[in-house]
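Report on the following structure.
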Amino acid sequence: MTDILTTAAAERRTVLGVTRSSSGRVWRERIDSMLGSQALALSQRTGLPDVVGRVLVGRGVGLEQASRFLEPSLRDLMPDPSSLQDMDAAAKRVADALSARMPMAVFGDYDVDGATSTALLLRYFRTLGVDPQFYIPDRIIDGYGPNPNAIGQLRNGGAQLLITVDCGSTSFEAFAEAKRVGLDVVVLDHHQVGESYPEVCALVNPNRQDDLSGQGHLAAVGVTFLFLVALNRELRQRGIAQLPDLMGLLDLVALGTVCDVVPLKGLNRAYVVKGLQVMHQRRNVGLAALCDISRVNGKPSPYHLGFMLGPRINAGGRIGDSGLGTRLLISDSRDEAEHVAATLERLNQERQAIEAVMLEEGDSQAYQKLDSQGEAPPVLLTGADNWHPGVVGLIASRLKERYRRPSFAIAFNESGVGTGSGRSISGVDLGAAVRAAVDAGILEKGGGHAMAAGLTVRRERLDELTAFFDQALSESVAHAARDHELTLDGVLAPGGATLDLLETLEKAGPYGASHPEPVFAFPSVRIKYADVIGKGHVRVTIATNDGPALKAIAFKAEDQPLGQALLGARGKSLHLAGVLSVDTWQGQAKPQLRILDAADPATTTLARMSRV
C-alpha cells in the first residue's frame with residue numbers, strides 16, 4: 001500500500017484549483033482516482049461512510065487490514081518483550097533487586113516521555129510496596145542524561161540499583177562513576193546510538209544497532225511498558241501471584257507516546273487507543289487535576305495530550321522544577337495534585353510570556369536575513385544572550401513554521417557558549433547535519449534526529465556554522481520548499497460536519513505522527529463573523545447560502561497571512577481547509593473546524609473531488 005501511495009503521489013489532483021493559498025501552499029488530494037476506488041470498496045466492505053474509507057486508504061490501510069485496524073488489540077500487536085536485546089537480563093536484575101528488597105532509584109529525562117516513563121516505574125513499584133528514589137535532571141544545571149554528580153547523590157541516598165528511562169544509552173562517564181561507587185545500572189531508552197555502549201547490567205533500546213526487534217518506533221514510555229510486561233512475567237515465574245495491573249497504567253503510556261511525537265502505528269497506536277480509554281476514567285489523580293486546570297473536558301484526544309497536557313508538564317522542566325511533572329503523575333493526593341497542577345499552569349503561563357518576547361526578537365533576526373526576493377537562507381540561525389535555554393526549542397519550532405526553513409534558536413551564556421535547539425522541515429535531515437558539524441569540529445557537541453536536533457556552539461563559530469549548514473542542506477531545503485503543499489482527504493459543506501461523522505472518523509484514529517488528522521476543504525463558504533479572541537486566535541462563523549453555520553477557529557493566526565485573510569473576508573466567501581473536532585464548551589457537544597489554510601475563490605478554478 002505504501003508503494004502505491006508513493007507512485008500515485010505525482011498523479012494527485014489539486015483541490016478546488018488552489019495552487020497558492022494564503023500560506024503559499026498547493027492544496028492536493030491525498031489519494032488519486034485508483035486509490036479512490038479502493039476507498040470505495042473498503043467503505044462498502046466495512047459499512048463505513050465513503051469519506052472514512054478515503055481517510056483509511058490515505059493512511060495506508062488496505063481492505064484486508066481495515067477490520068483489525070479499526071479495533072486495535074494490544075494482545076495482537078504486543079511483541080514478545082524478550083525480542084528486545086537485553087530485556088531478559090534487565091527483568092532478571094530488577095526482579096533480583098525486588099526479591100532482596102534492594103534500594104533502587106529511577107533517573108528520567110526532563111520531558112514528558114521521561115516524566116511518564118519515570119511515573120510508570122514508580123507507580124508499578126509502589127504497588128509492590130517499594131518506593132524508589134527518583135531524579136529528574138535540571139535542564140540547565142545538569143543537562144541531558146545521567147551525570148557523575150547525580151550518580152553520587154543517588155548512591156549516597158542508599159540506592160544500589162539505578163534504572164534510567166529515556167536516557168542513558170551514551171552515558172559512558174556517568175556509568176563509569178556508577179561502577180566505581182558500586183551502583184548497578186539498567187538502561188531503558190529509545191534514542192539512536194552508535195556501535196559502542198556503556199558498561200551496564202542491561203541496556204534495553206530497540207534502536208541499538210544489534211537489536212532486531214523492529215520496535216524502534218516506540219517512545220521510551222512504550223519501551224518501559226514492555227519492560228514491565230517482561231518483569232511481570234519474571235516475577236510470576238518466581239511465584240509472586242499479586243502483580244500490578246499494567247492495563248491501568250496505559251494512560252501514562254498514551255501521554256508519553258503522543259507527546260514524544262513517535263509514529264502512531266502498530267503497537268504505538270494500540271497504546272494510545274487503550275490509554276485514552278483509561279485516561280477518560282480519570283484513575284490517575286494527578287492527570288485528572290491537570291485535565292481540570294487545562295479545561296480538558298469529555299473524552300481526551302491526542303490533540304489534548306499533545307497541545308494542552310504536555311506543554312504544562314514540560315513547563316516545569318523548561319523554566320521551573322524539572323521534577324514537578326513526575327510528582328504530579330505519581331500523586332494519589334487530590335490536594336497535592338491540585339497544588340502541583342496549579343504550579344505547572346503558572347509556569348506554563350510564564351513560559352508563554354518568555355516565549356512571546358523571544359519569538360519577537362527571533363523573528364526580527366530572521367527577517368533581517370531575508371534576501372531581496374524575501375527568501376530565507378537554507379537554515380535560520382537565531383540567538384541572544386538573554387534567551388532562556390529552556391524555551392529555545394519552542395522558538396525554533398515557531399520560526400520553522402513561519403519561514404518554512406530548518407531553524408535554530410540559541411541561548412548564549414556570559415562566556416559566549418550557546419546552547420541551541422533546532423527543528424526541521426519534512427525531507428531535511430537536521431540531525432545528520434549537526435553530527436557532521438560536530439565531526440568537522442565546528443560544534444562543541446550536538447546530536448538529534450531528522451526533525452529535531454540540539455547543539456552547543458561558541459559565538460565566534462556561528463558564521464562558520466552557517467556556511468557549513470548552507471553547503472550541507474541547501475539542496476534538500478530547496479527541494480522541500482518546492483513540495484510545499486497541504487494534503488486533503490475530502491470536500492465538505494458546513495452542514496456535512498456532523499457529530500455522527502466525527503464519531504465515525506474517530507474510529508480511524510487516534511491521529512498523530514505518521515497518522516495525520518483528516519483535513520477537509522470547505523468550498524466558497526461565507527464568513528458570517530470574524531474576530532480576534534484570546535492570544536491572537538481568529539474565531540469565525542462560516543455557512544453556505546442554504547445550510548447551517550459552523551463555528552471555526554484559526555489558532556495564533558492574527559498576525560499571519562491566514563488570520564489577515566479571514567479578518568478581511570467578513571461578509572465574503574473563502575475556500576477554507578481544516579481539521580474537524582468536537583467542541584464541548586459549557587457541556588454541549590458541537591462540531592468545530594480548526595482552520596489551517598484559506599484561499600480566495602476568485603483566484604482558483606473549481607476542481608472535482610468527493611464531497612460529503
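Please note that chains go A, B, ... in the order of the C-alpha cells, that every chain numbers its residues from 1, and that ligands are numbered from 1 in the order shown.
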Inset, instruction - Step one, run DSSP on the backbone; step two, keep only residues of range 419-544 of chain A assigned to helix (DSSP H, G or I); then write them as an NGL selection string. - result: :A and (430-439 or 459-482 or 494-496 or 499-506)
Legend entry - Surrounding residues of Gly53 in chain A excluding itself and chain neighbours under 2 positions, 12 Å, only C-alpha atoms, as number ranges by chain: A: 31, 35-51, 55-63, 66-67, 70, 489-490, 504-505, 507-508, 518, 610
Could the residues in this selection be written to a file with N, CA, C and O atoms, as a short mmCIF file (atom, residue, chain, number, x, y, z; two decimals), in the first residue's frame?
data_model
loop_
_atom_site.label_atom_id
_atom_site.label_comp_id
_atom_site.auth_asym_id
_atom_site.auth_seq_id
_atom_site.Cartn_x
_atom_site.Cartn_y
_atom_site.Cartn_z
N ILE A 31 -5.25 11.06 -2.03
CA ILE A 31 -5.25 9.84 -2.85
C ILE A 31 -5.71 10.17 -4.26
O ILE A 31 -6.44 11.13 -4.48
N LEU A 35 -6.72 4.89 -5.99
CA LEU A 35 -6.90 4.63 -4.56
C LEU A 35 -8.30 5.02 -4.11
O LEU A 35 -8.82 4.46 -3.14
N GLY A 36 -8.92 5.98 -4.82
CA GLY A 36 -10.30 6.32 -4.52
C GLY A 36 -11.22 5.13 -4.73
O GLY A 36 -12.17 4.93 -3.96
N SER A 37 -10.94 4.34 -5.74
CA SER A 37 -11.74 3.12 -5.98
C SER A 37 -11.54 2.12 -4.85
O SER A 37 -12.49 1.46 -4.42
N GLN A 38 -10.31 2.02 -4.36
CA GLN A 38 -10.05 1.12 -3.23
C GLN A 38 -10.77 1.62 -1.98
O GLN A 38 -11.27 0.82 -1.18
N ALA A 39 -10.80 2.94 -1.81
CA ALA A 39 -11.50 3.50 -0.66
C ALA A 39 -12.99 3.19 -0.72
O ALA A 39 -13.62 2.88 0.30
N LEU A 40 -13.57 3.26 -1.91
CA LEU A 40 -14.99 2.94 -2.07
C LEU A 40 -15.24 1.48 -1.73
O LEU A 40 -16.22 1.15 -1.03
N ALA A 41 -14.36 0.58 -2.19
CA ALA A 41 -14.52 -0.84 -1.88
C ALA A 41 -14.39 -1.09 -0.38
O ALA A 41 -15.15 -1.89 0.19
N LEU A 42 -13.46 -0.40 0.26
CA LEU A 42 -13.30 -0.57 1.70
C LEU A 42 -14.55 -0.11 2.44
O LEU A 42 -15.01 -0.78 3.38
N SER A 43 -15.11 1.02 2.03
CA SER A 43 -16.32 1.52 2.67
C SER A 43 -17.47 0.55 2.53
O SER A 43 -18.24 0.31 3.46
N GLN A 44 -17.61 -0.01 1.34
CA GLN A 44 -18.69 -0.96 1.10
C GLN A 44 -18.51 -2.23 1.93
O GLN A 44 -19.48 -2.78 2.44
N ARG A 45 -17.27 -2.69 2.09
CA ARG A 45 -17.00 -3.90 2.86
C ARG A 45 -17.25 -3.68 4.35
O ARG A 45 -17.79 -4.56 5.03
N THR A 46 -16.87 -2.50 4.87
CA THR A 46 -16.96 -2.25 6.31
C THR A 46 -18.24 -1.54 6.73
O THR A 46 -18.55 -1.49 7.92
N GLY A 47 -18.97 -0.98 5.76
CA GLY A 47 -20.16 -0.22 6.10
C GLY A 47 -19.87 1.19 6.58
O GLY A 47 -20.77 1.87 7.09
N LEU A 48 -18.64 1.64 6.42
CA LEU A 48 -18.27 3.00 6.84
C LEU A 48 -18.59 4.00 5.74
O LEU A 48 -18.66 3.65 4.56
N PRO A 49 -18.79 5.26 6.10
CA PRO A 49 -19.02 6.29 5.08
C PRO A 49 -17.84 6.38 4.11
O PRO A 49 -16.70 6.08 4.46
N ASP A 50 -18.12 6.81 2.88
CA ASP A 50 -17.08 6.90 1.86
C ASP A 50 -15.90 7.74 2.33
O ASP A 50 -14.74 7.40 2.06
N VAL A 51 -16.18 8.85 3.00
CA VAL A 51 -15.09 9.73 3.40
C VAL A 51 -14.17 9.06 4.40
O VAL A 51 -12.95 9.29 4.41
N VAL A 55 -10.12 8.27 4.18
CA VAL A 55 -9.17 8.55 5.25
C VAL A 55 -8.29 7.33 5.53
O VAL A 55 -7.07 7.44 5.67
N LEU A 56 -8.91 6.15 5.61
CA LEU A 56 -8.15 4.94 5.90
C LEU A 56 -7.16 4.61 4.78
O LEU A 56 -5.97 4.37 5.03
N VAL A 57 -7.64 4.60 3.55
CA VAL A 57 -6.77 4.27 2.42
C VAL A 57 -5.65 5.30 2.29
O VAL A 57 -4.51 4.96 1.98
N GLY A 58 -5.97 6.55 2.57
CA GLY A 58 -4.96 7.59 2.51
C GLY A 58 -3.88 7.46 3.56
O GLY A 58 -2.85 8.15 3.48
N ARG A 59 -4.07 6.59 4.53
CA ARG A 59 -3.06 6.35 5.56
C ARG A 59 -2.50 4.94 5.47
O ARG A 59 -1.95 4.41 6.45
N GLY A 60 -2.66 4.35 4.29
CA GLY A 60 -2.02 3.06 4.04
C GLY A 60 -2.75 1.86 4.56
O GLY A 60 -2.18 0.77 4.64
N VAL A 61 -4.02 2.00 4.95
CA VAL A 61 -4.79 0.87 5.46
C VAL A 61 -5.52 0.21 4.29
O VAL A 61 -6.37 0.83 3.64
N GLY A 62 -5.18 -1.03 4.00
CA GLY A 62 -5.80 -1.76 2.90
C GLY A 62 -7.08 -2.45 3.33
O GLY A 62 -7.45 -2.48 4.51
N LEU A 63 -7.73 -3.03 2.34
CA LEU A 63 -9.02 -3.67 2.57
C LEU A 63 -8.91 -4.80 3.60
O LEU A 63 -9.78 -4.94 4.47
N ALA A 66 -8.39 -3.50 7.36
CA ALA A 66 -9.29 -2.48 7.90
C ALA A 66 -9.95 -2.91 9.21
O ALA A 66 -9.98 -2.15 10.18
N SER A 67 -10.50 -4.11 9.25
CA SER A 67 -11.24 -4.54 10.45
C SER A 67 -10.34 -4.56 11.68
O SER A 67 -10.71 -4.06 12.74
N LEU A 70 -9.38 -0.96 12.77
CA LEU A 70 -10.42 -0.21 13.47
C LEU A 70 -10.60 -0.66 14.91
O LEU A 70 -11.14 0.07 15.73
N ASP A 489 -8.24 15.30 2.52
CA ASP A 489 -8.90 14.00 2.43
C ASP A 489 -10.27 14.06 1.77
O ASP A 489 -10.81 13.01 1.41
N GLY A 490 -10.85 15.22 1.62
CA GLY A 490 -12.17 15.32 1.02
C GLY A 490 -12.69 16.74 1.07
O GLY A 490 -12.03 17.64 1.58
N THR A 504 -17.66 8.70 13.64
CA THR A 504 -17.19 7.66 12.74
C THR A 504 -15.72 7.85 12.38
O THR A 504 -14.95 6.89 12.33
N LEU A 505 -15.31 9.10 12.15
CA LEU A 505 -13.91 9.38 11.85
C LEU A 505 -13.00 8.99 13.02
O LEU A 505 -11.85 8.62 12.81
N LYS A 507 -13.09 6.43 14.71
CA LYS A 507 -12.73 5.01 14.63
C LYS A 507 -11.46 4.79 13.82
O LYS A 507 -10.78 3.79 13.99
N ALA A 508 -11.16 5.73 12.93
CA ALA A 508 -9.94 5.62 12.13
C ALA A 508 -8.74 6.22 12.84
O ALA A 508 -7.62 6.16 12.33
N PRO A 518 -7.41 13.92 9.61
CA PRO A 518 -8.04 14.20 8.32
C PRO A 518 -8.21 15.71 8.13
O PRO A 518 -8.62 16.42 9.05
N SER A 610 -14.41 14.16 -4.13
CA SER A 610 -15.53 13.58 -3.40
C SER A 610 -16.03 14.54 -2.35
O SER A 610 -15.26 15.16 -1.63
#
Inset, instruction - Mind checking which residues fall within 10 Å of Arg402 in chain A, counting only C-alpha atoms, ignoring those fewer than 2 positions away in the same chain, and posting them as a PyMOL selection string? - result: chain A and resi 23+363+366+396-400+404-405+407+560
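Between CA of Gly325 in chain A and CA of Thr116 in chain A the separation is 8.3 Å.
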Inset, instruction - Return as an NGL selection string the full set of residues in range 398-529 of chain A whose backbone-based DSSP assignment is strand (DSSP E). - result: :A and (407-412 or 417-423 or 445-448 or 452-458 or 485-488 or 490-491 or 520-529)
Inset, instruction - Compile the contact shell of Ser333 in chain A as a ChimeraX atom specification: residues with an atom at most 12 Å away, counting only C-alpha atoms, same-chain residues fewer than 2 positions apart removed. - result: /A:284-289,327-331,335-341
Requested write-out: all heavy atoms of the selected residues, as a compact mmCIF listing (two decimals), in the first residue's frame:
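Saved the output as again34.txt:
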# COMPACT_ATOMS: atom_id res chain seq x y z
N ASN A 284 -5.97 8.26 37.36
CA ASN A 284 -4.77 8.91 37.86
C ASN A 284 -5.14 10.29 38.41
O ASN A 284 -5.59 11.17 37.67
CB ASN A 284 -3.74 9.03 36.72
CG ASN A 284 -2.40 9.56 37.19
OD1 ASN A 284 -2.31 10.67 37.70
ND2 ASN A 284 -1.36 8.77 37.00
N VAL A 285 -4.96 10.46 39.70
CA VAL A 285 -5.39 11.70 40.37
C VAL A 285 -4.67 12.91 39.79
O VAL A 285 -5.26 13.96 39.56
CB VAL A 285 -5.14 11.59 41.89
CG1 VAL A 285 -5.42 12.92 42.58
CG2 VAL A 285 -6.01 10.49 42.49
N GLY A 286 -3.36 12.77 39.55
CA GLY A 286 -2.60 13.89 39.01
C GLY A 286 -3.04 14.27 37.61
O GLY A 286 -3.17 15.46 37.29
N LEU A 287 -3.26 13.27 36.76
CA LEU A 287 -3.73 13.56 35.40
C LEU A 287 -5.11 14.20 35.43
O LEU A 287 -5.40 15.10 34.63
CB LEU A 287 -3.75 12.27 34.57
CG LEU A 287 -2.49 11.94 33.79
CD1 LEU A 287 -2.65 10.62 33.06
CD2 LEU A 287 -2.13 13.05 32.82
N ALA A 288 -5.96 13.73 36.33
CA ALA A 288 -7.30 14.33 36.43
C ALA A 288 -7.21 15.80 36.82
O ALA A 288 -7.91 16.65 36.27
CB ALA A 288 -8.13 13.55 37.45
N ALA A 289 -6.32 16.12 37.77
CA ALA A 289 -6.15 17.51 38.19
C ALA A 289 -5.60 18.36 37.05
O ALA A 289 -6.00 19.51 36.84
CB ALA A 289 -5.22 17.58 39.39
N ARG A 327 6.18 14.29 39.86
CA ARG A 327 5.46 14.35 41.14
C ARG A 327 3.95 14.37 40.92
O ARG A 327 3.19 13.73 41.66
CB ARG A 327 5.89 15.59 41.92
CG ARG A 327 7.24 15.46 42.62
CD ARG A 327 7.65 16.76 43.27
NE ARG A 327 6.58 17.35 44.07
CZ ARG A 327 6.55 18.62 44.44
NH1 ARG A 327 7.52 19.45 44.04
NH2 ARG A 327 5.56 19.08 45.18
N LEU A 328 3.51 15.10 39.91
CA LEU A 328 2.08 15.15 39.62
C LEU A 328 1.56 13.78 39.20
O LEU A 328 0.51 13.33 39.68
CB LEU A 328 1.82 16.16 38.49
CG LEU A 328 0.36 16.27 38.02
CD1 LEU A 328 -0.47 17.02 39.04
CD2 LEU A 328 0.29 16.95 36.66
N LEU A 329 2.28 13.09 38.33
CA LEU A 329 1.80 11.84 37.76
C LEU A 329 1.83 10.68 38.74
O LEU A 329 1.16 9.66 38.52
CB LEU A 329 2.63 11.50 36.51
CG LEU A 329 2.54 12.51 35.36
CD1 LEU A 329 3.48 12.12 34.23
CD2 LEU A 329 1.11 12.63 34.85
N ILE A 330 2.60 10.81 39.82
CA ILE A 330 2.63 9.72 40.81
C ILE A 330 1.79 10.05 42.04
O ILE A 330 1.68 9.22 42.95
CB ILE A 330 4.07 9.39 41.25
CG1 ILE A 330 4.71 10.58 41.96
CG2 ILE A 330 4.91 8.94 40.06
CD1 ILE A 330 6.09 10.29 42.54
N SER A 331 1.19 11.22 42.08
CA SER A 331 0.46 11.64 43.28
C SER A 331 -0.89 10.92 43.39
O SER A 331 -1.62 10.77 42.41
CB SER A 331 0.23 13.15 43.25
OG SER A 331 -0.52 13.55 44.39
N ASP A 335 -5.29 16.98 47.01
CA ASP A 335 -4.79 18.30 47.39
C ASP A 335 -3.41 18.55 46.79
O ASP A 335 -3.14 19.63 46.23
CB ASP A 335 -4.73 18.44 48.91
CG ASP A 335 -6.11 18.53 49.54
OD1 ASP A 335 -7.08 18.83 48.80
OD2 ASP A 335 -6.23 18.31 50.76
N GLU A 336 -2.52 17.57 46.91
CA GLU A 336 -1.18 17.73 46.35
C GLU A 336 -1.24 17.86 44.83
O GLU A 336 -0.57 18.71 44.24
CB GLU A 336 -0.29 16.54 46.72
CG GLU A 336 1.12 16.65 46.14
CD GLU A 336 1.94 15.37 46.29
OE1 GLU A 336 1.35 14.27 46.29
OE2 GLU A 336 3.17 15.48 46.40
N ALA A 337 -2.07 17.03 44.19
CA ALA A 337 -2.17 17.06 42.73
C ALA A 337 -2.67 18.41 42.24
O ALA A 337 -2.16 18.97 41.26
CB ALA A 337 -3.09 15.95 42.26
N GLU A 338 -3.68 18.95 42.91
CA GLU A 338 -4.21 20.25 42.51
C GLU A 338 -3.17 21.35 42.70
O GLU A 338 -3.07 22.27 41.88
CB GLU A 338 -5.48 20.56 43.30
CG GLU A 338 -6.67 19.69 42.90
CD GLU A 338 -7.89 19.97 43.73
OE1 GLU A 338 -7.77 20.67 44.77
OE2 GLU A 338 -8.99 19.50 43.36
N HIS A 339 -2.38 21.25 43.78
CA HIS A 339 -1.34 22.25 44.02
C HIS A 339 -0.26 22.18 42.93
O HIS A 339 0.16 23.23 42.39
CB HIS A 339 -0.70 22.03 45.40
CG HIS A 339 0.49 22.90 45.67
ND1 HIS A 339 0.38 24.26 45.92
CD2 HIS A 339 1.83 22.62 45.70
CE1 HIS A 339 1.58 24.77 46.09
NE2 HIS A 339 2.48 23.80 45.97
N VAL A 340 0.20 20.98 42.61
CA VAL A 340 1.24 20.83 41.59
C VAL A 340 0.70 21.25 40.22
O VAL A 340 1.39 21.92 39.45
CB VAL A 340 1.78 19.38 41.54
CG1 VAL A 340 2.78 19.22 40.40
CG2 VAL A 340 2.43 19.02 42.87
N ALA A 341 -0.54 20.86 39.91
CA ALA A 341 -1.13 21.24 38.63
C ALA A 341 -1.23 22.76 38.52
O ALA A 341 -0.97 23.33 37.45
CB ALA A 341 -2.50 20.60 38.48
Legend entry - Test item: residues at most 9 Å from Gln277 in chain A, only C-alpha atoms, excluding those fewer than 2 positions along its chain, as a list of chain:residue names: A:Leu250, A:Asp251, A:Val272, A:Val273, A:Lys274, A:Gly275, A:Met279, A:His280, A:Gln281, A:Lys299, A:Pro300
Inset, instruction - Determine, counting only C-alpha atoms, which protein, DNA and RNA residues have an atom within 10 Å of an atom of range 491-498 of chain A; residues of the same chain fewer than 2 positions away are not included. Present the result as a PyMOL selection string. - result: chain A and resi 15-16+29+51+488-489+500-503+519-525+542-544+546-551+576-577+580-582+590-593+608-612
Inset, instruction - Could you jot down the CA of Pro206 in chain A to CA of Gly145 in chain A separation for me, Å, one decimal place? - result: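 CA of Pro206 in chain A sits 18.0 Å away from CA of Gly145 in chain A.
Neighbouring residues of Trp27 in chain A at 7 Å or closer, counting only C-alpha atoms and skipping chain neighbours under 3 positions away, are Thr14, Val15, Val18, Thr19, Glu485, Leu486, Thr487 and Leu488 of chain A.
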Please produce a file of the residues just selected, as a tab-separated table (two decimals), in the first residue's frame, where the atoms kept are N, CA, C and O atoms.
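Saved as selection35.tsv:
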chain	number	residue	atom	x	y	z
A	14	THR	N	-4.99	18.77	-7.75
A	14	THR	CA	-5.19	19.89	-6.84
A	14	THR	C	-6.65	19.92	-6.41
A	14	THR	O	-7.54	19.44	-7.13
A	15	VAL	N	-6.90	20.47	-5.26
A	15	VAL	CA	-8.25	20.55	-4.70
A	15	VAL	C	-8.77	21.97	-4.88
A	15	VAL	O	-8.11	22.94	-4.50
A	18	VAL	N	-6.72	25.21	-6.04
A	18	VAL	CA	-5.87	26.06	-5.21
A	18	VAL	C	-4.40	25.69	-5.46
A	18	VAL	O	-3.95	24.61	-5.07
A	19	THR	N	-3.67	26.58	-6.11
A	19	THR	CA	-2.25	26.38	-6.35
A	19	THR	C	-1.38	27.30	-5.50
A	19	THR	O	-0.18	27.08	-5.39
A	485	GLU	N	2.96	21.79	0.25
A	485	GLU	CA	1.56	21.54	-0.08
A	485	GLU	C	0.77	21.17	1.16
A	485	GLU	O	1.32	20.76	2.18
A	486	LEU	N	-0.53	21.33	1.06
A	486	LEU	CA	-1.46	20.88	2.09
A	486	LEU	C	-2.24	19.72	1.50
A	486	LEU	O	-2.85	19.85	0.43
A	487	THR	N	-2.20	18.60	2.18
A	487	THR	CA	-2.86	17.39	1.68
A	487	THR	C	-4.24	17.25	2.31
A	487	THR	O	-4.39	17.32	3.53
A	488	LEU	N	-5.26	17.05	1.46
A	488	LEU	CA	-6.64	17.00	1.92
A	488	LEU	C	-7.27	15.64	1.64
A	488	LEU	O	-6.92	14.95	0.69
